[in-house]
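Notes follow once the structure below has been shown.
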Amino acid sequence: MELLDIIKPENKVFSKTEAMTDTCLSYCPGCGHGTAHNLAMEVVAEMGIIQDTIGVAPVGCSVLAYDFMNIDMTQAAHGRAPAVATAISRLWPEKYVFTYQGDGDLAAIGTAETIHACNRGENIVIIFVNNGIYGMTGGQMAPTTLKGMKSSTSPFGRQEELTGAPIKMTELVANLPGVYYATRQAVHTHKHARKAKKALKKAFENTRLHKGISFVEIVSNCNSGWKMSPLESNVWLEENMLAYYPLGDIKVNGKLKK
Amino acid sequence: MAKVKGAIVVDSETCKGCEICIPVCPENVIRMTPQVNRKGYHYAYMENPEACTGCTNCGIVCPDRAISVYRVKVS
């Protein structure tokens, strides 16, 4: 069978979703942000809720998410995306509202907004992309930077006695009563990406059922910030990040997993 | 003979040459071209197209969704 016999529109099984615009993503080659964007938008397209989804972009690498996602979007002040999403979901309770935040946005400057939105149990989805570093501003140390990990503001590695231990946001918010679903996923291989897509689908289903906060953490690489090639950074992620941030569901249907 | 045959089409201008699709391919189909696109990135192509099964592994890990996957059943 010739290649041209296979490459026909009726045989297409996978391509870029209509919920993403044709704009070329501004991320570095191999960045997990692109995969996370696409997975979230594929879920939105598959559920047929493109017209009813409103996203809130944060400050950080993903600040331009409104250019890439072909849905209604707004942009919040640094860390305040859960507060903006609270307002949107209260004014339009039937809409699917999600925030897309990085670790510098959600776990540092926006900790208060995140924790209180989770405590109130707003009916939103929070997608938290954790790459252990401030990517956009030049690789500074973030609250999620691992112990001993080098960054531009911790050139000798993060010292716990000086800066504390890396914060596990998902475990932290899972203990709050308003959180209905908390999970940690990754997107660096096909198996992890498929699992992450299922988790995102579950999160948006929870919004449909008005269950409260669905908190989906996605452990990602930052090959520019970590000063590695994309493939090296994925190996490093598997060996180091996943050892400290174990993958899996932490809270399902309002019940903590033991 | 395989029961399904697949093929991928890479958007050479969107591909950033991150090579993440190479290790996830179970049939070891994908390689990077020696030439570069307009942005200066080497881009993915099918080195041995007859082995592709259209499993979509490469598509789902591609951050830029530069890969479209096609699949047909062969009787």
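Labeling convention for the structure tokens: chains A, B, ... as they appear, residues from 1 per chain, ligands from 1 in order of appearance.
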
Find the residues near Gly138 of chain A: any atom within 12 Å, counting only C-alpha atoms, skip ones fewer than 5 places away on the same chain, and give them as number ranges by chain. A: 60-61, 133, 151-153, 222-227

Using only C-alpha atoms, select each residue of chain A with any atom at most 6 Å away from an atom of chain B, and give the selection as JSON, numbers by chain. {"A": [7, 11, 12, 13, 14, 15, 16, 29, 30, 34, 35, 190, 230]}

Report as an MDAnalysis selection string all protein, DNA and RNA residues lying within 7 Å of Ala142 of chain A, evaluated on only C-alpha atoms, omitting residues in the same chain fewer than 3 positions from it. chainID A and resid 104 132:134 145

Would you please work out which residue, of A:Val219, A:Met149, A:Ala196, A:Leu64, is nearest to Met169 of chain A when using only C-alpha atoms? A:Val219

Considering only C-alpha atoms, can you say which of A:Asn175, A:Ala36, A:Leu242, A:Asp52 comes closest to Lys197 of chain A? A:Ala36

Residue nearest Ile71 of chain A among A:Met241, A:Met136, A:Ile127, A:Ala19 (counting only C-alpha atoms):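 With only C-alpha atoms as the atom set, the closest residue is A:Ala19.
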
Using DSSP assignments from the backbone, pull out every residue in chain B that falls under strand (DSSP E) and give it to me as a ChimeraX atom specification. /B:4-10,30-36,42-46,67-73

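Counting only C-alpha atoms and comparing A:Met141, A:Val173, A:Ala45, A:Ile54, the residue that lies closest to Arg158 of chain A is A:Met141.
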
Within 7 Å of Arg31 of chain B, counting only C-alpha atoms, which residues show up once you throw out same-chain ones fewer than 5 positions away? Write them as a list of chain:residue names, please.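 Within the cut-off, the hits are B:Ile22, B:Ala44, B:Tyr45, B:Met46, B:Glu47.
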
Prev. selection, N, CA, C and O atoms, output as a short mmCIF file (atom, residue, chain, number, x, y, z; two decimals), in the first residue's frame:
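The result, stored in selection.cif:
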```
data_model
loop_
_atom_site.label_atom_id
_atom_site.label_comp_id
_atom_site.auth_asym_id
_atom_site.auth_seq_id
_atom_site.Cartn_x
_atom_site.Cartn_y
_atom_site.Cartn_z
N ILE B 22 10.50 10.76 19.11
CA ILE B 22 11.35 9.64 18.68
C ILE B 22 11.31 8.47 19.67
O ILE B 22 11.00 7.35 19.28
N ALA B 44 10.77 16.49 12.13
CA ALA B 44 10.59 15.04 12.12
C ALA B 44 10.14 14.55 10.75
O ALA B 44 9.50 15.27 9.99
N TYR B 45 10.52 13.32 10.42
CA TYR B 45 10.00 12.68 9.20
C TYR B 45 10.00 11.17 9.43
O TYR B 45 10.60 10.67 10.38
N MET B 46 9.33 10.45 8.56
CA MET B 46 9.26 8.99 8.69
C MET B 46 10.48 8.37 8.02
O MET B 46 10.62 8.43 6.79
N GLU B 47 11.35 7.75 8.83
CA GLU B 47 12.56 7.12 8.28
C GLU B 47 12.19 5.80 7.59
O GLU B 47 12.64 5.52 6.49
#
```

Find the residues near Ala76 of chain A: any atom within 6 Å, counting only C-alpha atoms, skip ones fewer than 3 places away on the same chain, and give them as a PDB file with C-alpha atoms, in the first residue's frame.
```
ATOM      1  CA  PRO A  58      -2.084  33.591  34.299  1.00  0.00           C
ATOM      2  CA  ARG A  80      -5.204  36.107  40.882  1.00  0.00           C
ATOM      3  CA  ALA A  81      -6.615  33.727  38.281  1.00  0.00           C
TER       4      ALA A  81
END
```

Within segment 35-140 of chain A, find each residue whose DSSP state, derived from the backbone, is alpha helix (DSSP H), and express the selection as a PyMOL selection string. chain A and resi 35-47+65-68+81-91+103-104+111-120

Contact residues around segment 255-257 of chain A with only C-alpha atoms at 9 Å, ignoring same-chain residues under 6 positions, as a list in words: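 Using only C-alpha atoms, the neighbours found are Ala174, Asn175, Tyr180, Tyr181, Ala182 and Asp249 of chain A.
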
Could you write those residues out with N, CA, C and O atoms, as a short mmCIF file (atom, residue, chain, number, x, y, z; two decimals), in the first residue's frame?
```
data_model
loop_
_atom_site.label_atom_id
_atom_site.label_comp_id
_atom_site.auth_asym_id
_atom_site.auth_seq_id
_atom_site.Cartn_x
_atom_site.Cartn_y
_atom_site.Cartn_z
N ALA A 174 -5.72 19.38 48.69
CA ALA A 174 -6.61 18.20 48.76
C ALA A 174 -7.24 18.09 50.14
O ALA A 174 -8.32 17.50 50.29
N ASN A 175 -6.59 18.66 51.15
CA ASN A 175 -7.13 18.59 52.50
C ASN A 175 -8.27 19.57 52.74
O ASN A 175 -8.92 19.51 53.78
N TYR A 180 -13.01 18.78 45.27
CA TYR A 180 -13.69 17.53 44.96
C TYR A 180 -12.76 16.53 44.31
O TYR A 180 -12.90 15.33 44.49
N TYR A 181 -11.82 17.03 43.56
CA TYR A 181 -10.93 16.15 42.80
C TYR A 181 -9.55 16.78 42.75
O TYR A 181 -9.41 17.94 42.37
N ALA A 182 -8.54 16.07 43.22
CA ALA A 182 -7.16 16.56 43.15
C ALA A 182 -6.29 15.45 42.62
O ALA A 182 -6.34 14.32 43.12
N ASP A 249 -3.94 10.03 41.58
CA ASP A 249 -5.04 10.76 42.20
C ASP A 249 -4.79 10.90 43.70
O ASP A 249 -4.34 9.97 44.35
#
```

Would you pick out the contacts of Ala77 of chain A at 12 Å or less, using only C-alpha atoms, so that residues sharing its chain but fewer than 2 positions from it are not included, and give the list as a list in words? Val56, Ala57, Pro58, Val59, Gly60, Val63, Thr74, Gln75, Gly79, Arg80, Ala81, Pro82, Ala83, Val84, Ala85, Gln101, Asp105, Leu106, Ile109, Gly110 and Glu113 of chain A
